[in-house]
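The next block holds one structure in the form of structure tokens; read it before the comments.
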Amino acid sequence: MENNPQRHRVVIVGAGFGGLQAASKLRKSPVEVTVLDRYNHHLFQPLLYQVATAVLSPGDISAPIRQVLRGRNTTVLLAEASSIDLQRKVVVCDGGDIPYDSLVLATGATHSYFGHPEWARFAPGLKTIDDARAIRERVLLALEAAERDPDPERRREWLTFVIIGAGPTGVELAGALAYMTRHSLPRDFRRVDISQARVILLEGLPRVLNAYPEVLSKRARVDLEKLGVDVRTGAMVTGVDELGVSVGDTRIPARTVLWGAGVAASPLARTLGVPLDKAGRVKVEPTLTVPGHEDVFVIGDLASLIQDGKPVPGIAPAAMQMGRHVAKNIRRRIAGQPLEPFRYHDKGSFAVIGRGSAIGVLYDKIRLSGKPAWLMWLGIHITFLIGFRNKLTVMFDWAYTYLTKRRDVRLITGLHAGKLPPLQPGPALPVSEAHGDEHPGVGMARSESEPTHVH
Ligand SMILES: Cc1cc2nc3c(=O)[nH]c(=O)nc-3n(C[C@H](O)[C@H](O)[C@H](O)COP(=O)(O)OP(=O)(O)OC[C@H]3O[C@@H](n4cnc5c(N)ncnc54)[C@H](O)[C@@H]3O)c2cc1C
């Protein structure tokens, strides 16, 4: 493809849900589009927790940006934007400046540790493939350590998983970890009963999945507890370190802590020098432009827009609708027409709790829970996954996991000599006892004197 310098240059930073839609909708327009992203793949974030919990492989939920956007007017660059210079009209990148006539910023969000960045080391969050792989490895290593560790106290710590934040990500992780430890893995371990692992979900607010109607929150809590998750609401975390979590005076010893709580806008927003909201998102005009700059659009999780008294939510459908809208507004700009205000259409949202259980709201009216919600959740996620191959492999993997209860994507890469507890000869569970879900009476460790819970 030859670049045509006469044509209007559209630069899109970020090939997530919003950026990809904007680029796709500009494909046939008389513009030169440059899409840049710091990764070479588009990521389907809603299924990241399934990579973190060993159901899916990273390749199943990602697609090469080049392949998705191949077409006549689009150049794809692997590059990280460090700032935007609104005066010079350039995106400042790791390797130089990229000039634009119209700019679309779609760099999404990152984790927020509520003023405690030091917690990040001990409680990783889930946003990228690297995060999901790191969490998977942490969880699998904790189970390996529990199998090796002869000390009952430490063993309990290895088998305690704390998830901070009961929004959709925290709930998904908690449900999946509870299922995995109760049903998928116990047969694979001989010295320790993995089914006795504790999954604790901490939420500072009074209920889980706070963005959903109260009746659905209650249902979600019941379903989580049925799965074996210890749900603690009104539990404001005051400390996190490598040996556990503090909630006020209560200490929860745990070797694996995961973060599903705060969200902050991508730091690129700060470089614009325009008004931001509390989460660092750009307060955009109804047309999705930056105030005072009709040539700069901000969309998706990076944008803050109040509509009918409510913020437009930071979810994939909103980002996609915004992406389509800015493509239209860019075409209007080029044609010398006034820009149109964006209108978010809330078709609904779902949160999955575990196998056969989800909650959801459709068109702001219809409330669903249990299996019907879960089946809809499955259908929607397959529909929106990018790439035919991904749809097929994910459907196959889900069917396989559903029927066998197995978790096969259990790679621990790298060598871990010296990081695990010392190897000591220890008794193995009799084969009939090593199946925690089928033998509920089996204790966590071999010693009868051990209590099963730590408070
Ligand atoms: C674990 C998890 C689960 C979720 N589950 C759901 C769900 O079930 N349903 C739902 O609707 N929503 C869900 N969401 C939210 C949804 O994924 C986001 O709302 C959506 O991705 C926002 O789209 P976006 O285009 O604004 O940003 P993103 O999709 O996050 O894309 C941002 C892109 O920008 C790139 N980027 C970032 N900074 C730079 C830079 N400086 N330079 C270059 N490139 C950069 C990133 O690599 C990325 O490709 C979930 C999110 C997470 C993290």
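Letters A, B, ... mark the chains of the structure tokens in the order given; residue numbers begin at 1 per chain; ligand numbers begin at 1, in order shown.
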Residues within 12 Å of Gly292 of chain A, please, as a short mmCIF file (atom, residue, chain, number, x, y, z; two decimals) with C-alpha atoms, in the first residue's frame. Count only C-alpha atoms; anything in the same chain fewer than 2 positions from it doesn't count.
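Done, and the output landed in part_15.cif:
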data_model
loop_
_atom_site.label_atom_id
_atom_site.label_comp_id
_atom_site.auth_asym_id
_atom_site.auth_seq_id
_atom_site.Cartn_x
_atom_site.Cartn_y
_atom_site.Cartn_z
CA LEU A 86 -1.81 19.27 20.70
CA GLN A 87 -0.01 22.38 19.40
CA LEU A 272 -3.07 16.33 26.97
CA GLY A 273 -3.25 19.04 29.63
CA VAL A 274 -7.08 19.08 29.54
CA PRO A 275 -9.65 18.49 32.34
CA LYS A 283 -13.89 14.80 30.09
CA VAL A 284 -14.98 14.79 26.48
CA GLU A 285 -17.56 16.91 24.67
CA THR A 287 -19.16 14.81 20.17
CA LEU A 288 -16.33 12.82 21.87
CA THR A 289 -13.80 15.54 21.12
CA VAL A 290 -11.35 17.09 23.57
CA GLU A 294 -12.28 19.39 17.24
CA ASP A 295 -9.56 17.28 15.63
CA VAL A 296 -8.88 15.13 18.74
CA PHE A 297 -11.32 12.40 19.76
#
Using only C-alpha atoms and all ligand atoms, find each residue with an atom at most 8 Å away from ligand 1 and format the answer as a PyMOL selection string. chain A and resi 13-20+36-39+41-49+78-83+93+106-110+126-128+168-169+266-268+299-303+313-320+323+349-352
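Close contacts of Asn210 of chain A, defined as residues with an atom at most 12 Å away when counting only C-alpha atoms, with chain neighbours fewer than 4 positions off set aside, comprise Gly165, Ala166, Gly167, Pro168, Gly170, Val171, Glu203, Gly204, Leu205, Pro206, Glu214, Val215, Leu216, Ser217, Lys218, Ala220, Arg221, Thr233, Gly234, Ala261 and Ala351 of chain A.
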I need the helix (DSSP H, G or I) residues of segment 206-441 of chain A per DSSP on the backbone, written as a PyMOL selection string. chain A and resi 214-227+267-272+300-302+316-334+370-384+388-404+431-433+436-438
Backbone DSSP call of strand (DSSP E or B) for segment 140-298 of chain A, listed as an MDAnalysis selection string: chainID A and resid 160:164 198:202 229:232 239:241 244:247 250:253 256:259 262:265 276 282:283 289:290 293:298
Near Glu340 of chain A, within 10 Å and counting only C-alpha atoms, which residues show up once chain neighbours fewer than 4 positions away are dropped, as a ChimeraX atom specification? /A:286-288,325-326,328-329,332-333
Can you list every residue of segment 246-344 of chain A that has an atom at most 12 Å from segment 146-151 of chain A, with its nearest atom pair and the distance in Å to one decimal, using only C-alpha atoms, ordered by chain then number, as JSON lines?
{"residue": "A:Ala254", "atom": "CA", "partner": "A:Ala146", "partner_atom": "CA", "distance": 11.8}
{"residue": "A:Arg255", "atom": "CA", "partner": "A:Ala146", "partner_atom": "CA", "distance": 10.3}
{"residue": "A:Thr256", "atom": "CA", "partner": "A:Ala146", "partner_atom": "CA", "distance": 11.8}
Within 7 Å of segment 383-401 of chain A, which residues of segment 36-70 of chain A show up? Give each one with its shortest atom-to-atom distance in Å (one decimal) and the two atoms involved, counting only C-alpha atoms, rows by chain then rising residue number, as a Markdown table.
| residue | atom | partner | partner_atom | distance |
| --- | --- | --- | --- | --- |
| A:Phe44 | CA | A:Leu385 | CA | 6.7 |
| A:Leu56 | CA | A:Asp397 | CA | 6.9 |
| A:Asp60 | CA | A:Asn390 | CA | 5.0 |
| A:Ile61 | CA | A:Asn390 | CA | 6.5 |
| A:Ala63 | CA | A:Ile386 | CA | 6.6 |
Nearest residue to Asp97 of chain A out of A:Ile84, A:Thr238, A:Ser184, A:Gln50, using only C-alpha atoms? A:Ile84
So that I can see what lies close to Leu258 of chain A, please list as a ChimeraX atom specification the residues with an atom at most 8 Å from it, counting only C-alpha atoms and leaving out residues fewer than 4 positions away in the same chain. /A:122-125,135,161-164
Excluding Leu177 of chain A and residues on its chain fewer than 6 positions from it, collect all residues at most 12 Å away from it, counting only C-alpha atoms, and give them as an MDAnalysis selection string. chainID A and resid 49:55 135:136 139:140 143 159:163 170:171 183:185 194:195 197:201 224 227:230 256 258 353:355 407
Dump of N, CA, C and O atoms for the selected residues, as a short mmCIF file (atom, residue, chain, number, x, y, z; two decimals), in the first residue's frame:
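The resulting file, out10.cif, is reproduced below:
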data_model
loop_
_atom_site.label_atom_id
_atom_site.label_comp_id
_atom_site.auth_asym_id
_atom_site.auth_seq_id
_atom_site.Cartn_x
_atom_site.Cartn_y
_atom_site.Cartn_z
N TYR A 49 -9.70 -13.73 32.22
CA TYR A 49 -9.68 -14.53 33.46
C TYR A 49 -9.61 -16.02 33.14
O TYR A 49 -9.15 -16.81 33.95
N GLN A 50 -10.06 -16.41 31.95
CA GLN A 50 -9.99 -17.83 31.59
C GLN A 50 -8.57 -18.24 31.20
O GLN A 50 -8.23 -19.41 31.29
N VAL A 51 -7.77 -17.28 30.78
CA VAL A 51 -6.34 -17.56 30.58
C VAL A 51 -5.67 -17.65 31.95
O VAL A 51 -4.87 -18.55 32.22
N ALA A 52 -6.07 -16.74 32.84
CA ALA A 52 -5.46 -16.73 34.19
C ALA A 52 -5.80 -17.99 34.97
O ALA A 52 -5.09 -18.35 35.91
N THR A 53 -6.92 -18.65 34.61
CA THR A 53 -7.32 -19.83 35.38
C THR A 53 -7.22 -21.11 34.53
O THR A 53 -7.94 -22.09 34.77
N ALA A 54 -6.36 -21.07 33.53
CA ALA A 54 -5.91 -22.27 32.81
C ALA A 54 -6.96 -22.95 31.93
O ALA A 54 -6.83 -24.11 31.60
N VAL A 55 -8.01 -22.19 31.53
CA VAL A 55 -9.01 -22.77 30.62
C VAL A 55 -8.60 -22.52 29.17
O VAL A 55 -8.63 -23.43 28.34
N ILE A 135 -0.55 -14.32 36.55
CA ILE A 135 -1.49 -14.79 37.59
C ILE A 135 -1.60 -16.31 37.53
O ILE A 135 -1.57 -17.00 38.56
N ARG A 136 -1.71 -16.84 36.31
CA ARG A 136 -1.80 -18.31 36.17
C ARG A 136 -0.59 -18.98 36.81
O ARG A 136 -0.72 -19.95 37.56
N VAL A 139 -0.72 -18.80 40.65
CA VAL A 139 -1.68 -19.75 41.23
C VAL A 139 -1.12 -21.17 41.15
O VAL A 139 -1.14 -21.93 42.14
N LEU A 140 -0.59 -21.54 39.98
CA LEU A 140 -0.09 -22.91 39.82
C LEU A 140 1.11 -23.16 40.72
O LEU A 140 1.26 -24.24 41.30
N LEU A 143 0.06 -23.90 44.24
CA LEU A 143 -0.41 -25.28 44.42
C LEU A 143 0.78 -26.25 44.49
O LEU A 143 0.79 -27.19 45.30
N LEU A 159 -2.51 -22.39 50.15
CA LEU A 159 -3.83 -22.76 49.63
C LEU A 159 -4.91 -21.72 49.92
O LEU A 159 -6.09 -22.02 49.88
N THR A 160 -4.48 -20.51 50.25
CA THR A 160 -5.45 -19.43 50.43
C THR A 160 -5.25 -18.40 49.32
O THR A 160 -4.16 -17.87 49.13
N PHE A 161 -6.34 -18.14 48.58
CA PHE A 161 -6.30 -17.20 47.46
C PHE A 161 -7.24 -16.05 47.80
O PHE A 161 -8.44 -16.26 48.00
N VAL A 162 -6.67 -14.86 47.88
CA VAL A 162 -7.50 -13.69 48.21
C VAL A 162 -7.65 -12.83 46.95
O VAL A 162 -6.66 -12.52 46.28
N ILE A 163 -8.88 -12.48 46.65
CA ILE A 163 -9.14 -11.59 45.50
C ILE A 163 -9.73 -10.30 46.06
O ILE A 163 -10.73 -10.33 46.78
N GLY A 170 -13.11 -9.45 39.62
CA GLY A 170 -12.89 -10.16 40.88
C GLY A 170 -13.83 -11.35 41.01
O GLY A 170 -13.41 -12.44 41.44
N VAL A 171 -15.09 -11.14 40.64
CA VAL A 171 -16.08 -12.22 40.76
C VAL A 171 -15.73 -13.37 39.81
O VAL A 171 -15.77 -14.55 40.19
N HIS A 183 -12.97 -28.74 41.94
CA HIS A 183 -13.41 -29.80 41.03
C HIS A 183 -12.39 -30.24 39.98
O HIS A 183 -12.44 -31.37 39.53
N SER A 184 -11.53 -29.32 39.53
CA SER A 184 -10.69 -29.68 38.39
C SER A 184 -9.37 -30.33 38.80
O SER A 184 -8.90 -31.24 38.13
N LEU A 185 -8.77 -29.85 39.89
CA LEU A 185 -7.39 -30.25 40.15
C LEU A 185 -7.16 -31.27 41.26
O LEU A 185 -6.07 -31.86 41.31
N ILE A 194 -6.24 -30.38 47.47
CA ILE A 194 -6.44 -29.06 46.87
C ILE A 194 -7.87 -28.56 47.07
O ILE A 194 -8.14 -27.37 47.12
N SER A 195 -8.81 -29.50 47.23
CA SER A 195 -10.21 -29.07 47.36
C SER A 195 -10.45 -28.28 48.65
O SER A 195 -11.48 -27.66 48.82
N ALA A 197 -8.66 -25.78 49.46
CA ALA A 197 -8.17 -24.41 49.24
C ALA A 197 -9.27 -23.41 49.56
O ALA A 197 -10.45 -23.69 49.36
N ARG A 198 -8.87 -22.26 50.07
CA ARG A 198 -9.86 -21.22 50.37
C ARG A 198 -9.73 -20.09 49.36
O ARG A 198 -8.63 -19.63 49.07
N VAL A 199 -10.86 -19.69 48.83
CA VAL A 199 -10.89 -18.53 47.92
C VAL A 199 -11.70 -17.45 48.63
O VAL A 199 -12.89 -17.64 48.92
N ILE A 200 -11.04 -16.34 48.95
CA ILE A 200 -11.70 -15.28 49.72
C ILE A 200 -11.85 -14.05 48.84
O ILE A 200 -10.87 -13.57 48.26
N LEU A 201 -13.07 -13.57 48.71
CA LEU A 201 -13.34 -12.39 47.88
C LEU A 201 -13.66 -11.22 48.79
O LEU A 201 -14.64 -11.25 49.54
N LEU A 224 -21.84 -17.55 44.31
CA LEU A 224 -20.41 -17.61 44.65
C LEU A 224 -20.21 -18.49 45.89
O LEU A 224 -19.30 -19.31 45.95
N LEU A 227 -20.37 -22.05 45.24
CA LEU A 227 -19.13 -22.55 44.63
C LEU A 227 -18.03 -22.74 45.68
O LEU A 227 -16.98 -23.31 45.39
N GLY A 228 -18.26 -22.16 46.87
CA GLY A 228 -17.26 -22.32 47.92
C GLY A 228 -16.44 -21.06 48.16
O GLY A 228 -15.47 -21.09 48.92
N VAL A 229 -16.84 -19.94 47.53
CA VAL A 229 -16.09 -18.69 47.75
C VAL A 229 -16.53 -18.06 49.07
O VAL A 229 -17.72 -18.01 49.38
N ASP A 230 -15.55 -17.62 49.85
CA ASP A 230 -15.82 -16.93 51.10
C ASP A 230 -15.94 -15.44 50.75
O ASP A 230 -14.94 -14.77 50.52
N THR A 256 -1.16 -15.95 47.83
CA THR A 256 -1.60 -15.47 46.51
C THR A 256 -2.71 -14.45 46.70
O THR A 256 -3.78 -14.78 47.22
N LEU A 258 -4.79 -11.40 44.55
CA LEU A 258 -5.04 -10.86 43.20
C LEU A 258 -5.88 -9.60 43.30
O LEU A 258 -6.71 -9.46 44.20
N ILE A 353 -20.30 -15.89 36.88
CA ILE A 353 -19.90 -16.24 38.25
C ILE A 353 -19.16 -17.57 38.26
O ILE A 353 -18.18 -17.74 38.95
N GLY A 354 -19.63 -18.49 37.47
CA GLY A 354 -18.96 -19.79 37.39
C GLY A 354 -19.69 -20.65 36.40
O GLY A 354 -20.59 -20.19 35.69
N ARG A 355 -19.31 -21.89 36.37
CA ARG A 355 -19.91 -22.84 35.45
C ARG A 355 -21.43 -22.87 35.63
O ARG A 355 -21.95 -23.20 36.70
N ARG A 407 -8.58 -28.64 33.55
CA ARG A 407 -7.88 -27.40 33.20
C ARG A 407 -6.55 -27.82 32.63
O ARG A 407 -5.67 -28.27 33.37
#
Quote the spacing between atom CA of Val231 of chain A and atom CA of Tyr113 of chain A in Å to one decimal place. 20.5 Å
